[in-house]
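Q: My structure is in coords-v4.tsv, and what it holds is TSV, C-alpha atoms and all ligand atoms:
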```tsv
chain	number	residue	atom	x	y	z
M	10	MET	CA	0.00	0.00	0.00
M	11	ILE	CA	1.15	3.52	-0.71
M	12	PRO	CA	-0.17	6.11	1.73
M	13	ASP	CA	-1.58	9.48	0.85
M	14	ILE	CA	0.62	11.99	2.65
M	15	GLU	CA	-0.96	15.24	3.69
M	16	SER	CA	0.81	18.16	5.30
M	17	LEU	CA	-1.26	20.33	7.57
M	18	ASP	CA	-0.15	23.80	8.69
M	19	ILE	CA	-0.60	24.46	12.39
M	20	ALA	CA	1.07	27.84	12.96
M	21	HIS	CA	2.78	30.66	11.14
M	22	LEU	CA	5.72	31.94	13.20
M	23	ALA	CA	7.19	35.36	13.81
M	24	SER	CA	10.27	34.37	11.84
M	25	GLY	CA	8.14	33.66	8.80
M	26	ASP	CA	8.46	29.89	9.15
M	27	THR	CA	5.39	27.71	9.17
M	28	LEU	CA	4.97	24.78	11.53
M	29	ALA	CA	3.19	21.79	10.05
M	30	ILE	CA	2.31	18.23	10.88
M	31	GLN	CA	2.14	15.37	8.41
M	32	VAL	CA	-0.54	12.71	8.14
M	33	TYR	CA	0.09	9.30	6.54
M	34	LYS	CA	-3.21	7.89	5.33
M	35	PHE	CA	-3.53	4.22	4.40
M	36	GLN	CA	-6.74	3.24	2.68
M	37	GLY	CA	-7.77	-0.43	2.53
M	38	ALA	CA	-9.30	-2.11	-0.50
M	39	THR	CA	-12.60	-2.33	1.35
M	40	SER	CA	-14.21	0.39	3.40
M	41	GLY	CA	-14.61	-0.04	7.12
M	42	LYS	CA	-13.52	1.49	10.37
M	43	LYS	CA	-10.92	4.20	10.92
M	44	ALA	CA	-7.97	4.11	13.28
M	45	TYR	CA	-6.04	7.27	14.15
M	46	LEU	CA	-2.57	7.18	15.73
M	47	GLN	CA	-0.38	10.06	16.81
M	48	ALA	CA	2.89	10.36	18.71
M	49	ASN	CA	4.96	12.93	20.58
M	50	LEU	CA	2.19	15.26	21.82
M	51	HIS	CA	4.49	15.81	24.80
M	52	GLY	CA	7.85	16.90	23.48
M	53	ALA	CA	10.12	14.51	25.38
M	54	GLU	CA	8.07	11.40	24.61
M	55	LEU	CA	9.75	9.93	21.57
M	56	SER	CA	9.17	6.18	21.43
M	57	GLY	CA	5.83	6.55	19.65
M	58	ASN	CA	7.57	8.13	16.65
M	59	ALA	CA	9.66	4.99	16.20
M	60	VAL	CA	6.51	2.89	16.60
M	61	ILE	CA	4.73	4.90	13.92
M	62	TYR	CA	7.76	4.69	11.62
M	63	GLN	CA	7.72	0.88	11.91
M	64	LEU	CA	3.98	0.75	11.36
M	65	ILE	CA	4.29	2.92	8.23
M	66	GLN	CA	6.99	0.60	6.85
M	67	PHE	CA	4.88	-2.39	7.72
M	68	LEU	CA	1.70	-1.03	6.13
M	69	CYS	CA	3.64	-0.05	2.98
M	70	ASP	CA	4.55	-3.74	2.56
M	71	LEU	CA	0.96	-4.95	2.92
M	72	ASP	CA	-1.52	-5.44	0.12
M	73	SER	CA	-4.54	-3.17	0.36
M	74	SER	CA	-6.73	-6.28	0.53
M	75	GLN	CA	-5.27	-6.86	4.02
M	76	LEU	CA	-6.71	-3.60	5.36
M	77	GLN	CA	-10.38	-3.01	5.86
M	78	GLY	CA	-11.03	0.67	6.47
M	79	GLU	CA	-8.32	3.26	6.94
M	80	ILE	CA	-5.42	4.01	9.24
M	81	TRP	CA	-4.08	7.55	9.72
M	82	LEU	CA	-0.74	8.08	11.43
M	83	VAL	CA	0.84	11.33	12.65
M	84	PRO	CA	4.39	11.19	14.05
M	85	THR	CA	5.84	14.29	15.77
M	86	CYS	CA	2.33	15.70	16.12
M	87	ASN	CA	3.46	18.68	18.23
M	88	PRO	CA	6.53	20.31	16.62
M	89	LEU	CA	6.71	23.17	19.13
M	90	ALA	CA	6.99	20.71	22.01
M	91	THR	CA	9.35	18.31	20.22
M	92	ASN	CA	11.86	21.06	19.50
M	93	GLN	CA	11.80	22.67	22.93
M	94	ARG	CA	14.99	22.50	24.98
M	95	SER	CA	16.35	23.57	28.35
M	96	HIS	CA	20.08	22.99	28.08
M	97	HIS	CA	20.36	19.35	26.93
M	98	TYR	CA	16.91	18.47	28.15
M	99	ALA	CA	13.68	18.20	26.21
M	100	SER	CA	11.15	19.89	28.43
M	101	GLY	CA	8.15	19.91	26.10
M	102	ARG	CA	5.37	18.90	28.46
M	103	TYR	CA	4.00	22.42	28.87
M	104	ASN	CA	3.48	25.19	26.38
M	105	PRO	CA	6.22	27.62	27.49
M	106	TYR	CA	4.07	30.57	26.42
M	107	THR	CA	1.06	29.70	28.60
M	108	GLY	CA	2.35	27.06	30.99
M	109	ILE	CA	-0.47	24.72	30.01
M	110	ASP	CA	0.07	20.96	29.70
M	111	TRP	CA	-0.14	20.08	25.99
M	112	ASN	CA	-2.41	17.16	26.84
M	113	ARG	CA	-4.97	19.24	28.75
M	114	ILE	CA	-6.14	21.50	25.94
M	115	PHE	CA	-8.66	19.47	23.96
M	116	TRP	CA	-12.22	20.23	22.98
M	117	ASP	CA	-14.90	18.27	24.79
M	118	TYR	CA	-18.50	18.49	23.57
M	119	GLU	CA	-19.98	18.57	27.05
M	120	THR	CA	-17.73	21.00	28.88
M	121	GLU	CA	-17.45	23.53	26.07
M	122	ARG	CA	-21.00	23.99	24.93
M	123	GLN	CA	-20.95	27.34	23.22
M	124	SER	CA	-24.38	27.97	21.82
M	125	PRO	CA	-27.45	27.82	24.04
M	126	ASP	CA	-29.22	25.61	21.51
M	127	GLN	CA	-26.54	22.92	21.69
M	128	ILE	CA	-28.44	20.05	23.24
M	129	SER	CA	-27.22	18.07	26.20
M	130	LEU	CA	-26.45	14.39	25.86
M	131	ALA	CA	-29.43	13.56	28.07
M	132	GLU	CA	-31.71	15.47	25.68
M	133	PHE	CA	-30.16	13.76	22.67
M	134	ALA	CA	-30.54	10.32	24.25
M	135	HIS	CA	-34.14	11.03	25.14
M	136	ALA	CA	-34.99	12.15	21.62
M	137	GLN	CA	-33.18	9.26	19.89
M	138	VAL	CA	-33.60	6.34	22.27
M	139	ASN	CA	-35.83	4.38	19.91
M	140	GLN	CA	-33.49	4.62	16.92
M	141	THR	CA	-31.36	1.66	15.81
M	142	SER	CA	-27.81	1.61	17.13
M	143	GLN	CA	-26.56	2.44	13.62
M	144	GLN	CA	-28.85	5.47	13.42
M	145	LEU	CA	-27.83	6.58	16.89
M	146	GLU	CA	-24.19	6.38	15.90
M	147	THR	CA	-24.71	8.28	12.65
M	148	HIS	CA	-26.84	11.01	14.22
M	149	PHE	CA	-24.53	11.52	17.17
M	150	SER	CA	-21.49	11.60	14.94
M	151	GLN	CA	-23.22	14.31	12.90
M	152	LEU	CA	-24.09	16.28	16.03
M	153	LEU	CA	-20.48	16.18	17.27
M	154	ASN	CA	-19.16	17.16	13.89
M	155	ASP	CA	-21.61	20.08	13.47
M	156	CYS	CA	-20.75	21.44	16.88
M	157	PHE	CA	-17.03	20.98	16.28
M	158	GLN	CA	-17.20	22.82	12.96
M	159	GLU	CA	-19.04	25.71	14.64
M	160	ASN	CA	-16.12	26.05	17.02
M	161	VAL	CA	-13.51	25.79	14.30
M	162	LYS	CA	-15.17	28.69	12.46
M	163	THR	CA	-14.23	31.03	15.28
M	164	GLU	CA	-10.60	30.98	14.12
M	165	THR	CA	-11.52	33.15	11.14
M	166	LYS	CA	-12.75	35.97	13.39
M	167	ALA	CA	-10.71	39.16	13.68
M	168	SER	CA	-10.17	38.38	17.36
M	169	GLY	CA	-8.37	35.14	16.43
M	170	LEU	CA	-7.76	32.19	18.69
M	171	PRO	CA	-5.10	31.30	21.24
M	172	PHE	CA	-2.47	28.97	19.80
M	173	GLU	CA	-3.64	25.96	21.79
M	174	GLU	CA	-7.19	26.23	20.47
M	175	ARG	CA	-6.13	26.50	16.84
M	176	TYR	CA	-3.79	23.58	17.35
M	177	ARG	CA	-6.34	21.37	19.06
M	178	TYR	CA	-8.85	21.86	16.24
M	179	ARG	CA	-6.20	20.76	13.73
M	180	LEU	CA	-5.47	17.55	15.64
M	181	GLN	CA	-9.04	16.74	16.59
M	182	SER	CA	-10.31	17.30	13.05
M	183	LEU	CA	-8.16	14.31	12.04
M	184	CYS	CA	-9.81	11.87	14.43
M	185	LEU	CA	-13.35	13.11	15.05
M	186	ASP	CA	-14.79	10.39	12.79
M	187	ALA	CA	-12.39	7.65	13.91
M	188	ASN	CA	-13.42	4.46	15.67
M	189	TYR	CA	-10.10	3.96	17.41
M	190	VAL	CA	-7.78	6.66	18.68
M	191	LEU	CA	-4.30	5.70	19.86
M	192	ASP	CA	-2.20	8.44	21.44
M	193	LEU	CA	1.38	7.28	21.92
M	194	HIS	CA	3.18	8.76	24.92
M	195	SER	CA	6.06	7.88	27.21
M	196	SER	CA	6.80	9.05	30.70
M	197	THR	CA	8.39	12.47	30.98
M	198	ASN	CA	10.63	10.65	33.48
M	199	GLN	CA	11.33	6.91	33.61
M	200	SER	CA	8.52	4.43	33.34
M	201	ILE	CA	7.39	0.91	32.55
M	202	ASP	CA	5.20	0.27	29.49
M	203	TYR	CA	1.49	0.51	30.27
M	204	LEU	CA	-1.75	1.95	28.95
M	205	TYR	CA	-4.69	4.05	30.06
M	206	CYS	CA	-8.05	2.31	29.78
M	207	PHE	CA	-11.56	3.75	30.02
M	208	GLN	CA	-14.20	2.04	32.11
M	209	GLY	CA	-16.35	-0.17	29.90
M	210	ARG	CA	-13.50	-0.86	27.45
M	211	GLU	CA	-11.47	-3.20	29.65
M	212	HIS	CA	-12.21	-6.18	27.38
M	213	SER	CA	-10.09	-4.67	24.57
M	214	ALA	CA	-7.07	-3.80	26.73
M	215	LYS	CA	-5.58	-7.28	26.44
M	216	TYR	CA	-5.15	-6.89	22.66
M	217	PHE	CA	-2.19	-4.58	23.34
M	218	LEU	CA	-0.39	-7.39	25.18
M	219	LEU	CA	0.84	-5.11	27.97
M	220	ASN	CA	0.69	-6.24	31.59
M	221	THR	CA	-0.40	-3.03	33.26
M	222	ALA	CA	-3.28	-0.62	32.73
M	223	ILE	CA	-4.44	2.46	34.60
M	224	LEU	CA	-8.21	2.49	34.72
M	225	LEU	CA	-9.61	5.98	34.20
M	226	ASP	CA	-12.10	5.98	37.07
M	227	THR	CA	-11.75	9.73	37.12
M	228	TYR	CA	-11.06	12.20	34.30
M	229	ASP	CA	-12.26	15.57	33.10
M	230	GLY	CA	-12.22	15.34	29.31
M	231	ASP	CA	-9.44	17.69	28.25
M	232	ALA	CA	-6.80	15.07	27.43
M	233	PHE	CA	-6.69	13.87	23.83
M	234	ASP	CA	-8.06	10.38	24.47
M	235	GLU	CA	-10.68	11.73	26.89
M	236	ALA	CA	-11.94	14.45	24.56
M	237	PHE	CA	-12.47	11.85	21.84
M	238	LEU	CA	-14.22	9.18	23.88
M	239	LYS	CA	-16.00	11.04	26.67
M	240	PRO	CA	-19.03	12.14	24.59
M	241	TRP	CA	-19.60	8.55	23.44
M	242	LEU	CA	-19.28	7.15	26.97
M	243	SER	CA	-21.62	9.82	28.30
M	244	LEU	CA	-24.18	8.98	25.63
M	245	GLU	CA	-23.91	5.29	26.52
M	246	THR	CA	-24.60	6.23	30.15
M	247	GLU	CA	-27.64	8.34	29.23
M	248	LEU	CA	-29.04	5.60	27.01
M	249	ALA	CA	-28.54	3.01	29.75
M	250	LYS	CA	-30.55	5.20	32.13
M	251	LEU	CA	-33.39	5.03	29.59
M	252	GLY	CA	-33.21	1.22	29.49
M	253	ARG	CA	-31.18	1.07	26.27
M	254	PRO	CA	-27.73	-0.30	27.17
M	255	LEU	CA	-25.39	-0.41	24.20
M	256	GLN	CA	-21.76	0.14	23.40
M	257	PHE	CA	-20.56	2.08	20.37
M	258	GLU	CA	-17.54	0.83	18.45
M	259	ARG	CA	-15.44	3.73	19.67
M	260	GLU	CA	-12.30	3.34	21.77
M	261	ALA	CA	-9.45	5.59	22.82
M	262	TRP	CA	-6.15	4.51	24.30
M	263	THR	CA	-3.08	6.29	25.55
M	264	LEU	CA	-0.09	3.98	25.40
M	265	GLU	CA	2.80	4.90	27.64
M	266	LEU	CA	5.94	3.43	26.11
M	267	GLY	CA	8.94	3.68	28.37
M	268	SER	CA	10.97	6.68	29.43
M	269	GLY	CA	11.26	10.24	28.18
M	270	MET	CA	14.04	11.52	25.89
M	271	GLN	CA	14.81	7.93	24.88
M	272	ILE	CA	13.76	5.39	22.34
M	273	ASN	CA	13.91	2.09	24.16
M	274	PRO	CA	13.87	-0.78	21.62
M	275	ASP	CA	11.85	-3.02	23.97
M	276	SER	CA	9.17	-0.37	24.40
M	277	VAL	CA	9.03	0.21	20.65
M	278	TYR	CA	8.80	-3.54	20.01
M	279	ARG	CA	5.93	-3.88	22.50
M	280	GLY	CA	4.17	-0.86	21.05
M	281	VAL	CA	4.31	-2.12	17.46
M	282	ARG	CA	3.34	-5.67	18.42
M	283	GLY	CA	0.43	-4.49	20.56
M	284	ILE	CA	-0.96	-2.10	17.95
M	285	LYS	CA	-0.81	-4.70	15.18
M	286	ASN	CA	-2.50	-7.21	17.46
M	287	TYR	CA	-5.16	-4.66	18.41
M	288	LEU	CA	-5.96	-3.71	14.80
M	289	VAL	CA	-6.20	-7.38	13.79
M	290	SER	CA	-8.41	-8.13	16.79
M	291	LYS	CA	-10.68	-5.25	15.74
M	292	GLY	CA	-11.03	-6.74	12.25
M	293	MET	CA	-9.16	-3.97	10.45
M	294	LEU	CA	-6.00	-5.87	9.48
M	295	ASP	CA	-5.66	-9.38	8.12
M	296	LEU	CA	-2.22	-10.74	9.09
M	297	ASN	CA	-0.69	-14.19	9.35
M	298	ARG	CA	-0.25	-15.46	12.93
M	299	PHE	CA	-2.32	-12.57	14.32
M	300	PRO	CA	-4.02	-12.16	16.70
M	301	LEU	CA	-1.05	-13.64	18.53
M	302	ILE	CA	-1.71	-16.85	20.40
M	303	GLN	CA	-1.01	-15.27	23.78
M	304	THR	CA	-3.87	-12.78	23.38
M	305	ALA	CA	-6.54	-15.10	24.76
M	306	SER	CA	-4.64	-15.90	27.94
M	307	ARG	CA	-3.27	-12.41	28.54
M	308	THR	CA	-4.23	-10.93	31.87
M	309	VAL	CA	-3.94	-7.19	32.26
M	310	GLN	CA	-3.65	-5.86	35.78
M	311	PHE	CA	-5.89	-2.81	36.15
M	312	PHE	CA	-5.15	-0.10	38.71
M	313	PRO	CA	-7.61	2.74	39.36
M	314	LYS	CA	-6.16	6.14	38.50
M	315	SER	CA	-7.65	7.66	41.63
M	316	LYS	CA	-5.60	5.31	43.82
M	317	ALA	CA	-2.21	6.00	42.26
M	318	GLN	CA	0.07	7.46	44.88
M	319	LYS	CA	2.77	10.03	44.15
M	320	TYR	CA	5.64	10.50	46.56
M	321	TYR	CA	7.13	13.98	46.99
M	322	ALA	CA	10.29	14.96	48.79
M	323	LYS	CA	9.55	15.74	52.44
M	324	GLN	CA	12.74	17.76	52.52
M	325	GLY	CA	15.36	18.78	49.98
M	326	GLY	CA	18.18	16.38	49.20
M	327	MET	CA	19.72	13.79	46.92
M	328	LEU	CA	18.05	10.48	46.15
M	329	GLN	CA	19.88	7.22	46.58
M	330	SER	CA	19.11	3.51	46.98
M	331	ARG	CA	15.72	3.98	45.36
M	332	VAL	CA	13.75	0.85	44.40
M	333	LEU	CA	13.97	-0.16	40.75
M	334	LEU	CA	11.28	0.56	38.20
M	335	GLY	CA	8.64	-2.19	38.11
M	336	THR	CA	9.23	-3.30	41.72
M	337	TRP	CA	6.22	-4.53	43.66
M	338	VAL	CA	6.61	-2.97	47.10
M	339	THR	CA	4.83	-3.88	50.30
M	340	SER	CA	3.64	-1.53	53.00
M	341	GLY	CA	6.48	-0.31	55.22
M	342	GLN	CA	9.24	-1.31	52.80
M	343	LEU	CA	12.24	0.96	52.26
M	344	LEU	CA	11.49	3.02	49.12
M	345	TYR	CA	14.47	5.30	48.92
M	346	GLN	CA	17.00	7.23	50.96
M	347	LEU	CA	17.43	10.97	50.95
M	348	LEU	CA	20.86	12.43	51.51
M	349	VAL	CA	20.08	15.65	53.35
M	350	PHE	CA	22.46	18.56	53.82
M	351	ASN	CA	21.92	21.54	56.09
M	352	ARG	CA	23.19	24.97	57.00
M	353	ASP	CA	22.84	24.45	60.78
M	354	ARG	CA	26.40	23.36	61.51
M	355	GLU	CA	25.12	19.75	61.75
M	356	LEU	CA	26.44	16.60	60.04
M	357	PRO	CA	24.66	15.56	56.82
M	358	GLN	CA	21.95	12.95	57.33
M	359	LEU	CA	20.67	9.91	55.48
M	360	VAL	CA	16.88	9.67	55.82
M	361	ASP	CA	14.96	6.45	55.04
M	362	ILE	CA	11.54	6.72	53.41
M	363	HIS	CA	9.17	3.74	53.59
M	364	THR	CA	6.04	2.90	51.59
M	365	GLU	CA	2.62	3.87	52.91
M	366	ASP	CA	0.75	1.33	50.81
M	367	SER	CA	1.74	-1.72	48.78
M	368	GLY	CA	1.77	-1.53	45.00
M	369	LEU	CA	3.70	-1.35	41.75
M	370	VAL	CA	6.42	1.30	41.34
M	371	TYR	CA	5.72	2.34	37.75
M	372	ASP	CA	7.26	5.80	37.35
M	373	LEU	CA	10.45	7.43	38.67
M	374	SER	CA	11.82	10.94	38.53
M	375	SER	CA	14.91	11.29	36.35
M	376	ASN	CA	16.56	13.84	38.57
M	377	ALA	CA	18.15	12.54	41.78
M	378	SER	CA	18.31	16.05	43.20
M	379	VAL	CA	15.04	17.22	44.75
M	380	ASN	CA	13.82	20.32	46.50
M	381	GLN	CA	11.21	19.89	49.20
M	382	GLY	CA	7.87	19.02	47.57
M	383	GLU	CA	9.29	17.77	44.29
M	384	TYR	CA	8.27	14.52	42.65
M	385	ILE	CA	10.19	11.33	43.37
M	386	LEU	CA	8.12	8.33	42.23
M	387	GLU	CA	4.62	7.01	41.79
M	388	ILE	CA	3.05	3.74	42.90
M	389	LEU	CA	-0.03	2.03	41.49
M	390	THR	CA	-2.08	0.61	44.34
M	391	HIS	CA	-5.31	-1.40	44.69
M	392	PRO	CA	-5.07	-3.78	41.72
M	393	GLN	CA	-8.46	-4.89	40.43
M	401	ZN	ZN	2.66	12.34	27.67
```
Would you mind writing the file's structure down as structure tokens?

A:
Amino acid sequence: MIPDIESLDIAHLASGDTLAIQVYKFQGATSGKKAYLQANLHGAELSGNAVIYQLIQFLCDLDSSQLQGEIWLVPTCNPLATNQRSHHYASGRYNPYTGIDWNRIFWDYETERQSPDQISLAEFAHAQVNQTSQQLETHFSQLLNDCFQENVKTETKASGLPFEERYRYRLQSLCLDANYVLDLHSSTNQSIDYLYCFQGREHSAKYFLLNTAILLDTYDGDAFDEAFLKPWLSLETELAKLGRPLQFEREAWTLELGSGMQINPDSVYRGVRGIKNYLVSKGMLDLNRFPLIQTASRTVQFFPKSKAQKYYAKQGGMLQSRVLLGTWVTSGQLLYQLLVFNRDRELPQLVDIHTEDSGLVYDLSSNASVNQGEYILEILTHPQ
């Protein structure tokens, strides 16, 4: 297959340069569902670019008869963030102009209702409850699209739009009609490979063949995956209240592939394998040996997001003897030591910090030097 390659301008700069993103569009021989993948929304999170590169190579070698529907891929989807540096470090998690997290900017139908005649999801569900599931899906898709286009129009006004809003409309316009949205991240620090899973979509998590998932038992809708899926989940909830339980073929996943500022080959391998396996399991790709035999027996350990526990430095110092990434710790176990200096004419001290709760150490700060209150590590607790 040869992809259509489309370049999409996202910002004209003071220097006269134009920032753009590039979309690789693979169209199968038969029509069907749409999958949208992007990588590097946060500037330091690089592994997804290597995953997308391998997927592009792989799809180029396939015959179009092996793809039903279409797959769109966008590597380096946030050039401003990717190119941002502080000394040798890529610090592109926040827009330096506004301080806002690049993954907390997205348009959500429910929270950003602009016109008073935009109906609520409860009203929509009530009006459409007796339609077929196909009609419901078509009508709701149309509603979302109409509302989205109304918002996009505002960028032509003389008053303009803040950069983040223009940018989010560019990205979201690419996936609004998708069935599956895969946003490829890594930790800003050091992390294991895992994914974020929405409640009600747990059954599909195993297709990615990762061991660990954070279950989004709480979210507000402004992250990329949330903004895409939240309206559909909310509609499902409203329909269920009216005695019409159903699930739309819409899913969103954020894959977290290893550590920031690095491309770890194991993380890339797992990302590529999992995405192929997912797309085959969803009936979009037809590949030999897929879905992989281990899919059926794969158990994913789910941890509620609300129970993840961050540890912050209780005083300033230098970290040492910290537990390794991926360690299962029990309550009261030594987590790390803090080498603490002072200006009180006292000897330096070594302070032991123990765990409050048992769980999986899944993310570590990269910097061993911490001021009081700075992040040290995070533990996933309460496996389900
Ligand atoms: Zn990220």

Q: Quick one, how far is atom CA of Pro88 of chain M from atom CA of Asp229 of chain M?

A: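 Going from atom CA of Pro88 of chain M over to atom CA of Asp229 of chain M covers 25.4 Å.
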
Q: Interatomic distance between atom CA of Thr263 of chain M and atom CA of Cys206 of chain M?

A: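 Going from atom CA of Thr263 of chain M over to atom CA of Cys206 of chain M, I get 7.6 Å.
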
Q: Can you list, as an MDAnalysis selection string, every protein, DNA or RNA residue that comes within 9 Å of Asp234 of chain M when you count all atoms listed in the file, leaving out same-chain residues fewer than 3 positions away?

A: chainID M and resid 190:192 230:231 237:239 260:263

Q: Any residue with an atom at most 7 Å from ligand ZN 401 (chain M) counts, using only C-alpha atoms and all ligand atoms. Which are they? Put them as a PyMOL selection string.

A: chain M and resi 50-51+54+194-197

Q: When distances are computed from all atoms listed in the file, which of M:Glu245, M:Glu121, M:Glu383, M:Glu265 shows the smallest separation from Phe217 of chain M?

A: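 Going through M:Glu245, M:Glu121, M:Glu383, M:Glu265 one by one, the smallest distance to Phe217 of chain M is for M:Glu265.
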
Q: What is the distance between atom CA of Thr221 of chain M and atom CA of Tyr287 of chain M, in Å to one decimal?

A: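 Value for the atom CA of Thr221 of chain M-atom CA of Tyr287 of chain M distance: 15.7 Å.
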
Q: Ser290 of chain M: which residues within 9 Å, counting all atoms listed in the file, same-chain residues fewer than 2 positions away excluded, as a list in words?

A: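 Once the adjacent positions are removed, what remains is Ser213, Tyr216, Lys285, Asn286, Tyr287, Leu288, Gly292, Met293, Leu294, Phe299 and Pro300 of chain M.
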
Q: Smallest atom-to-atom distance to Lys319 of chain M: which of M:Ile65, M:Leu389, M:Ala377, M:Leu301, using only C-alpha atoms?

A: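 Of M:Ile65, M:Leu389, M:Ala377, M:Leu301, the one nearest Lys319 of chain M is M:Leu389, counting only C-alpha atoms.
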
Q: Taking only C-alpha atoms into account, which of M:Phe67, M:Tyr384, M:Tyr345, M:Trp81 comes nearest Gln36 of chain M?

A: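 Counting only C-alpha atoms, the residue closest to Gln36 of chain M is M:Trp81.
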
Q: Any chance you could work out the axis-aligned box around segment 113-118 of chain M, listed atoms only, 8 Å on each side, giving centre and edge lengths in Å to one decimal, as AutoDock Vina command-line options?

A:
```
--center_x -11.7 --center_y 19.9 --center_z 25.9 --size_x 29.5 --size_y 19.2 --size_z 21.8
```
